[in-house]
file work09.txt (compact mmCIF, C-alpha atoms)
# COMPACT_ATOMS: atom_id res chain seq x y z
CA MET P 14 0.00 0.00 0.00
CA ALA P 15 1.34 3.43 -0.94
CA PRO P 16 2.42 5.70 1.91
CA VAL P 17 -0.34 8.02 3.11
CA PRO P 18 0.29 11.79 3.14
CA LYS P 19 1.57 13.46 6.31
CA ARG P 20 -1.43 15.74 6.28
CA ALA P 21 -4.19 15.74 8.89
CA LEU P 22 -7.82 16.74 8.76
CA LEU P 23 -8.99 18.14 12.09
CA ALA P 24 -12.78 17.82 12.15
CA ILE P 25 -14.83 20.55 13.86
CA THR P 26 -18.50 20.32 14.80
CA SER P 27 -20.84 22.55 12.82
CA TYR P 28 -23.68 22.44 15.35
CA HIS P 29 -24.17 25.54 17.51
CA GLY P 30 -27.47 25.66 19.32
CA PRO P 31 -29.21 25.43 22.71
CA PHE P 32 -28.21 22.47 24.84
CA TYR P 33 -27.35 23.27 28.44
CA PRO P 34 -30.15 23.45 31.04
CA ASN P 35 -29.56 27.21 31.43
CA GLY P 36 -30.11 27.76 27.71
CA ASP P 37 -26.43 28.10 26.74
CA PRO P 38 -25.46 26.70 23.35
CA THR P 39 -23.04 23.89 22.74
CA GLY P 40 -20.46 23.99 19.97
CA LEU P 41 -16.75 23.39 19.57
CA PHE P 42 -14.93 22.56 22.80
CA TYR P 43 -11.93 24.79 22.13
CA THR P 44 -8.96 22.90 23.57
CA GLU P 45 -10.16 19.62 22.09
CA ALA P 46 -9.21 21.13 18.73
CA LEU P 47 -6.33 23.39 19.80
CA HIS P 48 -4.32 20.79 21.71
CA PRO P 49 -4.44 18.15 18.93
CA TYR P 50 -3.62 20.86 16.39
CA ASN P 51 -0.50 21.82 18.34
CA VAL P 52 0.64 18.20 18.65
CA LEU P 53 0.11 17.50 14.96
CA VAL P 54 1.87 20.67 13.79
CA ASN P 55 4.80 20.02 16.12
CA ALA P 56 5.05 16.49 14.70
CA GLY P 57 5.45 17.92 11.19
CA PHE P 58 1.92 17.49 9.85
CA THR P 59 0.16 19.94 7.60
CA VAL P 60 -3.20 20.41 9.32
CA ASP P 61 -6.47 21.55 7.79
CA LEU P 62 -9.62 22.34 9.77
CA ALA P 63 -13.05 21.51 8.40
CA SER P 64 -16.66 21.14 9.50
CA GLU P 65 -19.56 19.62 7.64
CA THR P 66 -20.98 23.02 6.68
CA GLY P 67 -17.82 25.16 6.76
CA THR P 68 -19.19 26.96 9.83
CA PHE P 69 -18.91 26.50 13.58
CA GLY P 70 -19.77 28.09 16.90
CA MET P 71 -17.94 27.98 20.22
CA ASP P 72 -19.14 26.19 23.32
CA PRO P 73 -18.85 28.99 25.91
CA HIS P 74 -18.32 26.45 28.70
CA SER P 75 -15.00 25.47 27.11
CA ILE P 76 -13.53 28.97 27.40
CA SER P 77 -12.58 28.56 31.02
CA LYS P 78 -9.54 28.38 33.27
CA ASP P 79 -10.82 24.94 34.20
CA TYR P 80 -9.70 23.74 30.78
CA MET P 81 -7.39 26.40 29.35
CA SER P 82 -3.84 27.43 30.25
CA GLU P 83 -2.47 30.95 29.91
CA ASN P 84 -0.94 29.92 26.59
CA ASP P 85 -4.29 28.56 25.38
CA PHE P 86 -5.92 31.90 26.24
CA ALA P 87 -3.15 33.77 24.42
CA ILE P 88 -3.85 31.79 21.25
CA TYR P 89 -7.61 32.19 21.69
CA ASN P 90 -7.29 35.96 22.07
CA SER P 91 -4.94 36.37 19.09
CA THR P 92 -6.45 36.69 15.64
CA GLU P 93 -2.93 36.33 14.25
CA SER P 94 -2.18 32.85 15.58
CA ASP P 95 -2.10 30.14 12.92
CA PHE P 96 -4.83 28.20 14.71
CA SER P 97 -7.12 31.23 14.97
CA LYS P 98 -6.64 31.98 11.28
CA LYS P 99 -7.50 28.41 10.27
CA LEU P 100 -10.54 28.34 12.52
CA ALA P 101 -11.73 31.65 11.07
CA ASN P 102 -11.30 30.25 7.55
CA LEU P 103 -12.80 26.84 8.16
CA HIS P 104 -13.12 24.49 5.20
CA LYS P 105 -16.34 22.79 4.21
CA ALA P 106 -15.63 19.06 4.26
CA SER P 107 -17.17 18.36 0.85
CA ASP P 108 -14.83 20.91 -0.76
CA LEU P 109 -11.75 18.91 0.22
CA ASN P 110 -10.02 16.01 -1.52
CA PRO P 111 -10.11 13.02 0.87
CA SER P 112 -7.00 11.47 -0.66
CA ASP P 113 -4.94 14.45 0.53
CA TYR P 114 -5.07 13.15 4.11
CA GLY P 115 -3.34 10.39 6.02
CA LEU P 116 -4.72 11.16 9.47
CA PHE P 117 -8.23 12.12 10.59
CA PHE P 118 -8.84 13.61 14.04
CA ALA P 119 -12.36 14.37 15.31
CA SER P 120 -12.38 17.16 17.89
CA ALA P 121 -15.42 17.57 20.06
CA GLY P 122 -17.94 19.34 22.22
CA HIS P 123 -21.39 17.98 23.04
CA ALA P 124 -22.41 19.54 19.70
CA THR P 125 -20.87 16.56 17.90
CA LEU P 126 -23.71 14.40 19.21
CA PHE P 127 -25.98 16.41 16.92
CA ASP P 128 -24.03 16.61 13.65
CA TYR P 129 -21.25 14.02 13.52
CA PRO P 130 -23.43 10.89 13.11
CA SER P 131 -24.75 12.19 9.76
CA ALA P 132 -21.78 14.34 8.67
CA GLU P 133 -21.33 12.69 5.28
CA GLY P 134 -18.48 14.95 4.13
CA LEU P 135 -16.36 14.37 7.21
CA ILE P 136 -17.25 10.68 7.29
CA GLY P 137 -16.21 10.36 3.65
CA ILE P 138 -12.77 11.82 4.39
CA ALA P 139 -12.32 9.49 7.36
CA GLU P 140 -13.39 6.46 5.31
CA SER P 141 -10.85 7.36 2.64
CA VAL P 142 -8.08 7.75 5.24
CA TRP P 143 -8.96 4.37 6.73
CA ALA P 144 -9.20 2.60 3.35
CA ARG P 145 -5.75 3.85 2.36
CA GLY P 146 -4.15 2.63 5.59
CA GLY P 147 -4.15 5.90 7.54
CA VAL P 148 -5.06 6.74 11.13
CA VAL P 149 -8.53 7.66 12.42
CA SER P 150 -8.72 9.31 15.83
CA ALA P 151 -11.22 11.13 18.03
CA VAL P 152 -11.50 12.58 21.53
CA CYS P 153 -14.27 13.06 24.12
CA HIS P 154 -17.55 13.35 22.16
CA GLY P 155 -15.67 13.16 18.85
CA PRO P 156 -16.17 9.37 18.76
CA ALA P 157 -19.82 10.13 17.91
CA ILE P 158 -18.60 10.07 14.31
CA LEU P 159 -16.95 6.65 14.50
CA PRO P 160 -19.97 4.33 14.16
CA GLY P 161 -20.77 5.98 10.83
CA ILE P 162 -17.26 5.54 9.42
CA LYS P 163 -17.35 2.28 7.51
CA ASP P 164 -14.53 -0.08 6.60
CA LYS P 165 -15.08 -0.53 2.86
CA GLU P 166 -13.83 -4.13 2.98
CA THR P 167 -16.16 -5.33 5.74
CA GLY P 168 -19.04 -2.89 5.40
CA LYS P 169 -18.97 -2.50 9.17
CA SER P 170 -17.93 0.45 11.30
CA VAL P 171 -14.20 0.92 11.78
CA VAL P 172 -14.82 0.44 15.52
CA TYR P 173 -16.29 -3.05 15.05
CA GLY P 174 -14.20 -5.46 17.11
CA LYS P 175 -12.00 -2.61 18.36
CA THR P 176 -11.39 -1.20 21.83
CA VAL P 177 -12.34 2.46 22.13
CA THR P 178 -13.03 5.14 24.70
CA GLY P 179 -14.86 8.46 24.76
CA PHE P 180 -16.75 10.64 27.20
CA THR P 181 -18.29 8.52 29.94
CA ASP P 182 -21.87 8.20 31.13
CA GLU P 183 -20.57 9.03 34.61
CA GLY P 184 -19.16 12.28 33.27
CA GLU P 185 -22.50 13.18 31.72
CA GLU P 186 -24.22 12.50 35.05
CA MET P 187 -21.69 14.61 36.96
CA LEU P 188 -22.28 17.51 34.57
CA GLY P 189 -26.04 17.10 34.90
CA LEU P 190 -26.41 16.48 31.18
CA MET P 191 -27.52 12.87 30.81
CA ASP P 192 -31.18 13.82 31.19
CA VAL P 193 -30.73 16.45 28.45
CA ILE P 194 -29.11 13.89 26.16
CA LYS P 195 -31.97 11.45 26.73
CA LYS P 196 -34.62 14.12 26.27
CA LEU P 197 -33.09 15.17 22.95
CA GLU P 198 -32.76 11.50 21.93
CA LEU P 199 -29.02 11.85 21.38
CA VAL P 200 -26.76 8.80 21.60
CA PRO P 201 -24.18 8.74 24.42
CA ILE P 202 -20.67 7.84 23.31
CA SER P 203 -20.56 4.54 25.20
CA LYS P 204 -23.83 3.33 23.66
CA GLY P 205 -22.85 4.37 20.15
CA ALA P 206 -19.58 2.46 20.44
CA LYS P 207 -21.17 -0.68 21.87
CA ASP P 208 -23.98 -0.66 19.32
CA ALA P 209 -21.37 -0.53 16.54
CA GLY P 210 -19.62 -3.62 17.90
CA ALA P 211 -16.79 -2.00 19.83
CA THR P 212 -15.51 -2.75 23.31
CA TYR P 213 -15.89 0.48 25.27
CA VAL P 214 -13.38 1.17 28.06
CA LYS P 215 -13.06 4.11 30.45
CA PRO P 216 -10.72 5.58 33.06
CA ASP P 217 -11.22 5.27 36.81
CA GLY P 218 -12.30 8.91 36.95
CA PRO P 219 -14.37 10.46 34.12
CA PHE P 220 -12.02 13.45 33.87
CA ASP P 221 -8.71 11.54 34.06
CA ASP P 222 -6.34 11.71 31.09
CA PHE P 223 -7.05 8.45 29.25
CA SER P 224 -6.53 7.41 25.65
CA VAL P 225 -6.48 4.11 23.80
CA THR P 226 -4.75 2.86 20.65
CA ASP P 227 -6.11 -0.16 18.80
CA GLY P 228 -4.15 -0.50 15.58
CA ARG P 229 -4.91 2.53 13.40
CA LEU P 230 -7.79 3.66 15.62
CA VAL P 231 -7.03 6.08 18.49
CA THR P 232 -9.55 7.49 20.97
CA GLY P 233 -9.52 9.66 24.10
CA THR P 234 -12.01 10.22 26.89
CA ASN P 235 -12.27 13.93 27.73
CA PRO P 236 -10.68 17.41 27.41
CA ALA P 237 -7.72 16.36 29.55
CA SER P 238 -7.03 13.59 27.03
CA ALA P 239 -6.89 15.74 23.89
CA HIS P 240 -3.10 16.06 23.98
CA SER P 241 -2.36 12.40 24.74
CA THR P 242 -4.84 11.21 22.12
CA ALA P 243 -3.10 13.27 19.45
CA VAL P 244 0.33 12.06 20.61
CA LYS P 245 -0.84 8.46 20.27
CA ALA P 246 -2.38 9.21 16.87
CA VAL P 247 1.02 10.52 15.70
CA GLU P 248 2.71 7.41 17.12
CA ALA P 249 0.23 5.20 15.26
CA PHE P 250 0.91 7.14 12.05
CA ASP P 251 4.67 6.84 12.50
CA SER P 252 4.35 3.07 12.90
CA LEU P 253 2.42 2.58 9.63
call {"tool": "encode", "arguments": {"input": "work09.txt", "output": "structure tokens"}}
result
Amino acid sequence: MAPVPKRALLAITSYHGPFYPNGDPTGLFYTEALHPYNVLVNAGFTVDLASETGTFGMDPHSISKDYMSENDFAIYNSTESDFSKKLANLHKASDLNPSDYGLFFASAGHATLFDYPSAEGLIGIAESVWARGGVVSAVCHGPAILPGIKDKETGKSVVYGKTVTGFTDEGEEMLGLMDVIKKLELVPISKGAKDAGATYVKPDGPFDDFSVTDGRLVTGTNPASAHSTAVKAVEAFDSL
């Protein structure tokens, strides 16, 4: 099989709408895109950002000292940073050439529960990456996209028979959001993985740094895992 390009597609959710009990919207969880972006760039990847529609909105709950360092805030507040420029000029997934990419990384936010399962453009890029021997990775709620990514040889999801992680049911309960998810008839990450034939695993604590590699599939549990998930995705790519 020909070598896959050292170019990564960082998927961004396009959903931005009411979700939280207080009426706040959900959208992109900022560091779950920024931290993987930094890892990938530092590893020598060219990184493109894309959503299904070419648009996005921010989850205001993610812009917090609970999740962001001083350096993260500096990048967030700078319109001149490379990441800010790419986010401001987001690609529409269907405008891209899937064969340009050798690594797919799905960033997150609860918003992904709304749009990722039917994001045909993003799913198509990930399926191409997988079919050509590349790496597919996702963090937190990003694994919402994985059941829909099919292995063209088996016709089953790329997670079928694989071990994966993602945001835990316990985490949803602690945040007071499981009832919202059920009311909106969204699929929790653990259920989506199990229904697609995966073995779902989780850390001792729902907010512990925890990521899992199973061949060319790499997943992480939560915001604290965004960096380690990307590091493992790079390691999986380097071992192809």
call {"tool": "closest_residue", "arguments": {"input": "work09.txt", "among": "P:Pro49, P:Pro34, P:Gly134, P:Pro16", "to": "Ser238 of chain P", "atoms": "only C-alpha atoms"}}
result
P:Pro49
call {"tool": "closest_residue", "arguments": {"input": "work09.txt", "among": "P:Gly189, P:Gly146, P:Gly218, P:Gly57", "to": "Asp164 of chain P", "atoms": "only C-alpha atoms"}}
result
P:Gly146
call {"tool": "residues_around", "arguments": {"input": "work09.txt", "residues": "segment 196-205 of chain P", "least_positions_apart": "4", "cutoff": "10 Å", "atoms": "all atoms listed in the file", "output": "PyMOL selection string"}}
result
chain P and resi 32+123+126-127+130+153-161+177-182+185+190-192+209-215+234
call {"tool": "write_last_selection", "arguments": {"input": "work09.txt", "atoms": "C-alpha atoms", "output": "CSV table (one decimal), in the frame of the given file"}}
result
chain,number,residue,atom,x,y,z
P,32,PHE,CA,-28.2,22.5,24.8
P,123,HIS,CA,-21.4,18.0,23.0
P,126,LEU,CA,-23.7,14.4,19.2
P,127,PHE,CA,-26.0,16.4,16.9
P,130,PRO,CA,-23.4,10.9,13.1
P,153,CYS,CA,-14.3,13.1,24.1
P,154,HIS,CA,-17.6,13.4,22.2
P,155,GLY,CA,-15.7,13.2,18.8
P,156,PRO,CA,-16.2,9.4,18.8
P,157,ALA,CA,-19.8,10.1,17.9
P,158,ILE,CA,-18.6,10.1,14.3
P,159,LEU,CA,-17.0,6.6,14.5
P,160,PRO,CA,-20.0,4.3,14.2
P,161,GLY,CA,-20.8,6.0,10.8
P,177,VAL,CA,-12.3,2.5,22.1
P,178,THR,CA,-13.0,5.1,24.7
P,179,GLY,CA,-14.9,8.5,24.8
P,180,PHE,CA,-16.8,10.6,27.2
P,181,THR,CA,-18.3,8.5,29.9
P,182,ASP,CA,-21.9,8.2,31.1
P,185,GLU,CA,-22.5,13.2,31.7
P,190,LEU,CA,-26.4,16.5,31.2
P,191,MET,CA,-27.5,12.9,30.8
P,192,ASP,CA,-31.2,13.8,31.2
P,209,ALA,CA,-21.4,-0.5,16.5
P,210,GLY,CA,-19.6,-3.6,17.9
P,211,ALA,CA,-16.8,-2.0,19.8
P,212,THR,CA,-15.5,-2.8,23.3
P,213,TYR,CA,-15.9,0.5,25.3
P,214,VAL,CA,-13.4,1.2,28.1
P,215,LYS,CA,-13.1,4.1,30.4
P,234,THR,CA,-12.0,10.2,26.9
call {"tool": "residues_around", "arguments": {"input": "work09.txt", "residues": "Asp72 of chain P", "least_positions_apart": "5", "cutoff": "6 Å", "atoms": "all atoms listed in the file", "output": "PyMOL selection string"}}
result
chain P and resi 39-42
call {"tool": "closest_residue", "arguments": {"input": "work09.txt", "among": "P:Asn84, P:Ser94, P:Ser170, P:Ser150", "to": "Leu116 of chain P", "atoms": "only C-alpha atoms"}}
result
P:Ser150
call {"tool": "closest_residue", "arguments": {"input": "work09.txt", "among": "P:Leu62, P:Asn55, P:Ile76, P:Phe118", "to": "Asn102 of chain P", "atoms": "all atoms listed in the file"}}
result
P:Leu62
call {"tool": "atom_distance", "arguments": {"input": "work09.txt", "atom1": "atom CA of Leu100 of chain P", "atom2": "atom CA of Ala243 of chain P"}}
result
18.2 Å
call {"tool": "closest_residue", "arguments": {"input": "work09.txt", "among": "P:Thr226, P:Ser107, P:Thr59, P:Ser252", "to": "Pro18 of chain P", "atoms": "all atoms listed in the file"}}
result
P:Thr59
call {"tool": "atom_distance", "arguments": {"input": "work09.txt", "atom1": "atom CA of Pro38 of chain P", "atom2": "atom CA of Leu53 of chain P"}}
result
28.4 Å
call {"tool": "residues_near_point", "arguments": {"input": "work09.txt", "point": "(-18.6, 24.8, 5.3)", "cutoff": "12 Å", "atoms": "all atoms listed in the file", "output": "list of chain:residue names"}}
result
P:Ala24, P:Ile25, P:Thr26, P:Ser27, P:Tyr28, P:Leu62, P:Ala63, P:Ser64, P:Glu65, P:Thr66, P:Gly67, P:Thr68, P:Phe69, P:Leu100, P:Ala101, P:Asn102, P:Leu103, P:His104, P:Lys105, P:Ala106, P:Ser107, P:Asp108, P:Leu109, P:Ala132, P:Gly134, P:Leu135
call {"tool": "closest_residue", "arguments": {"input": "work09.txt", "among": "P:Val193, P:Val172, P:Val148, P:Val60", "to": "Asn35 of chain P", "atoms": "all atoms listed in the file"}}
result
P:Val193
call {"tool": "atom_distance", "arguments": {"input": "work09.txt", "atom1": "atom CA of Ile138 of chain P", "atom2": "atom CA of Lys165 of chain P"}}
result
12.7 Å
call {"tool": "build_atoms", "arguments": {"input": "work09.txt", "residues": "segment 217-228 of chain P", "atoms": "all heavy atoms", "output": "JSON list (two decimals), in the coordinates of the input"}}
result
[["chain", "number", "residue", "atom", "x", "y", "z"],
["P", 217, "ASP", "N", -10.64, 5.36, 35.46],
["P", 217, "ASP", "CA", -11.22, 5.27, 36.81],
["P", 217, "ASP", "C", -12.06, 6.49, 37.12],
["P", 217, "ASP", "O", -13.14, 6.39, 37.71],
["P", 217, "ASP", "CB", -10.11, 5.12, 37.86],
["P", 217, "ASP", "CG", -9.39, 3.78, 37.75],
["P", 217, "ASP", "OD1", -10.00, 2.82, 37.23],
["P", 217, "ASP", "OD2", -8.23, 3.70, 38.17],
["P", 218, "GLY", "N", -11.56, 7.67, 36.75],
["P", 218, "GLY", "CA", -12.30, 8.91, 36.95],
["P", 218, "GLY", "C", -12.68, 9.49, 35.60],
["P", 218, "GLY", "O", -11.86, 9.49, 34.67],
["P", 219, "PRO", "N", -13.91, 10.01, 35.43],
["P", 219, "PRO", "CA", -14.37, 10.46, 34.12],
["P", 219, "PRO", "C", -13.57, 11.63, 33.54],
["P", 219, "PRO", "O", -13.67, 11.89, 32.34],
["P", 219, "PRO", "CB", -15.82, 10.84, 34.36],
["P", 219, "PRO", "CG", -15.96, 11.02, 35.82],
["P", 219, "PRO", "CD", -14.96, 10.12, 36.45],
["P", 220, "PHE", "N", -12.79, 12.32, 34.38],
["P", 220, "PHE", "CA", -12.02, 13.45, 33.87],
["P", 220, "PHE", "C", -10.51, 13.19, 33.91],
["P", 220, "PHE", "O", -9.71, 14.12, 33.76],
["P", 220, "PHE", "CB", -12.40, 14.73, 34.62],
["P", 220, "PHE", "CG", -13.85, 15.09, 34.44],
["P", 220, "PHE", "CD1", -14.79, 14.76, 35.41],
["P", 220, "PHE", "CD2", -14.30, 15.69, 33.27],
["P", 220, "PHE", "CE1", -16.14, 15.05, 35.22],
["P", 220, "PHE", "CE2", -15.64, 15.98, 33.07],
["P", 220, "PHE", "CZ", -16.57, 15.66, 34.05],
["P", 221, "ASP", "N", -10.13, 11.92, 34.11],
["P", 221, "ASP", "CA", -8.71, 11.54, 34.06],
["P", 221, "ASP", "C", -8.24, 11.52, 32.61],
["P", 221, "ASP", "O", -9.01, 11.21, 31.70],
["P", 221, "ASP", "CB", -8.51, 10.14, 34.66],
["P", 221, "ASP", "CG", -8.81, 10.07, 36.14],
["P", 221, "ASP", "OD1", -8.93, 11.14, 36.77],
["P", 221, "ASP", "OD2", -8.94, 8.94, 36.65],
["P", 222, "ASP", "N", -6.96, 11.82, 32.42],
["P", 222, "ASP", "CA", -6.34, 11.71, 31.09],
["P", 222, "ASP", "C", -6.28, 10.22, 30.72],
["P", 222, "ASP", "O", -5.64, 9.43, 31.41],
["P", 222, "ASP", "CB", -4.93, 12.31, 31.14],
["P", 222, "ASP", "CG", -4.24, 12.31, 29.79],
["P", 222, "ASP", "OD1", -4.74, 11.69, 28.84],
["P", 222, "ASP", "OD2", -3.17, 12.93, 29.70],
["P", 223, "PHE", "N", -6.96, 9.86, 29.63],
["P", 223, "PHE", "CA", -7.05, 8.45, 29.25],
["P", 223, "PHE", "C", -7.27, 8.35, 27.76],
["P", 223, "PHE", "O", -8.18, 8.96, 27.20],
["P", 223, "PHE", "CB", -8.24, 7.80, 29.99],
["P", 223, "PHE", "CG", -8.37, 6.31, 29.78],
["P", 223, "PHE", "CD1", -7.51, 5.42, 30.40],
["P", 223, "PHE", "CD2", -9.39, 5.80, 28.98],
["P", 223, "PHE", "CE1", -7.65, 4.05, 30.21],
["P", 223, "PHE", "CE2", -9.54, 4.43, 28.79],
["P", 223, "PHE", "CZ", -8.67, 3.55, 29.42],
["P", 224, "SER", "N", -6.40, 7.61, 27.09],
["P", 224, "SER", "CA", -6.53, 7.41, 25.65],
["P", 224, "SER", "C", -6.10, 6.00, 25.29],
["P", 224, "SER", "O", -5.33, 5.37, 26.01],
["P", 224, "SER", "CB", -5.70, 8.45, 24.87],
["P", 224, "SER", "OG", -4.39, 8.56, 25.39],
["P", 225, "VAL", "N", -6.63, 5.51, 24.18],
["P", 225, "VAL", "CA", -6.48, 4.11, 23.80],
["P", 225, "VAL", "C", -6.10, 4.01, 22.32],
["P", 225, "VAL", "O", -6.73, 4.65, 21.48],
["P", 225, "VAL", "CB", -7.79, 3.34, 24.04],
["P", 225, "VAL", "CG1", -7.67, 1.90, 23.56],
["P", 225, "VAL", "CG2", -8.20, 3.37, 25.50],
["P", 226, "THR", "N", -5.11, 3.17, 22.04],
["P", 226, "THR", "CA", -4.75, 2.86, 20.65],
["P", 226, "THR", "C", -5.12, 1.42, 20.36],
["P", 226, "THR", "O", -4.77, 0.51, 21.12],
["P", 226, "THR", "CB", -3.25, 3.05, 20.41],
["P", 226, "THR", "OG1", -2.88, 4.40, 20.70],
["P", 226, "THR", "CG2", -2.87, 2.73, 18.98],
["P", 227, "ASP", "N", -5.84, 1.19, 19.28],
["P", 227, "ASP", "CA", -6.11, -0.16, 18.80],
["P", 227, "ASP", "C", -5.81, -0.16, 17.30],
["P", 227, "ASP", "O", -6.64, 0.20, 16.47],
["P", 227, "ASP", "CB", -7.56, -0.56, 19.07],
["P", 227, "ASP", "CG", -7.81, -2.05, 18.83],
["P", 227, "ASP", "OD1", -7.02, -2.65, 18.07],
["P", 227, "ASP", "OD2", -8.78, -2.60, 19.38],
["P", 228, "GLY", "N", -4.59, -0.53, 16.97],
["P", 228, "GLY", "CA", -4.15, -0.50, 15.58],
["P", 228, "GLY", "C", -4.10, 0.92, 15.06],
["P", 228, "GLY", "O", -3.39, 1.77, 15.59]]
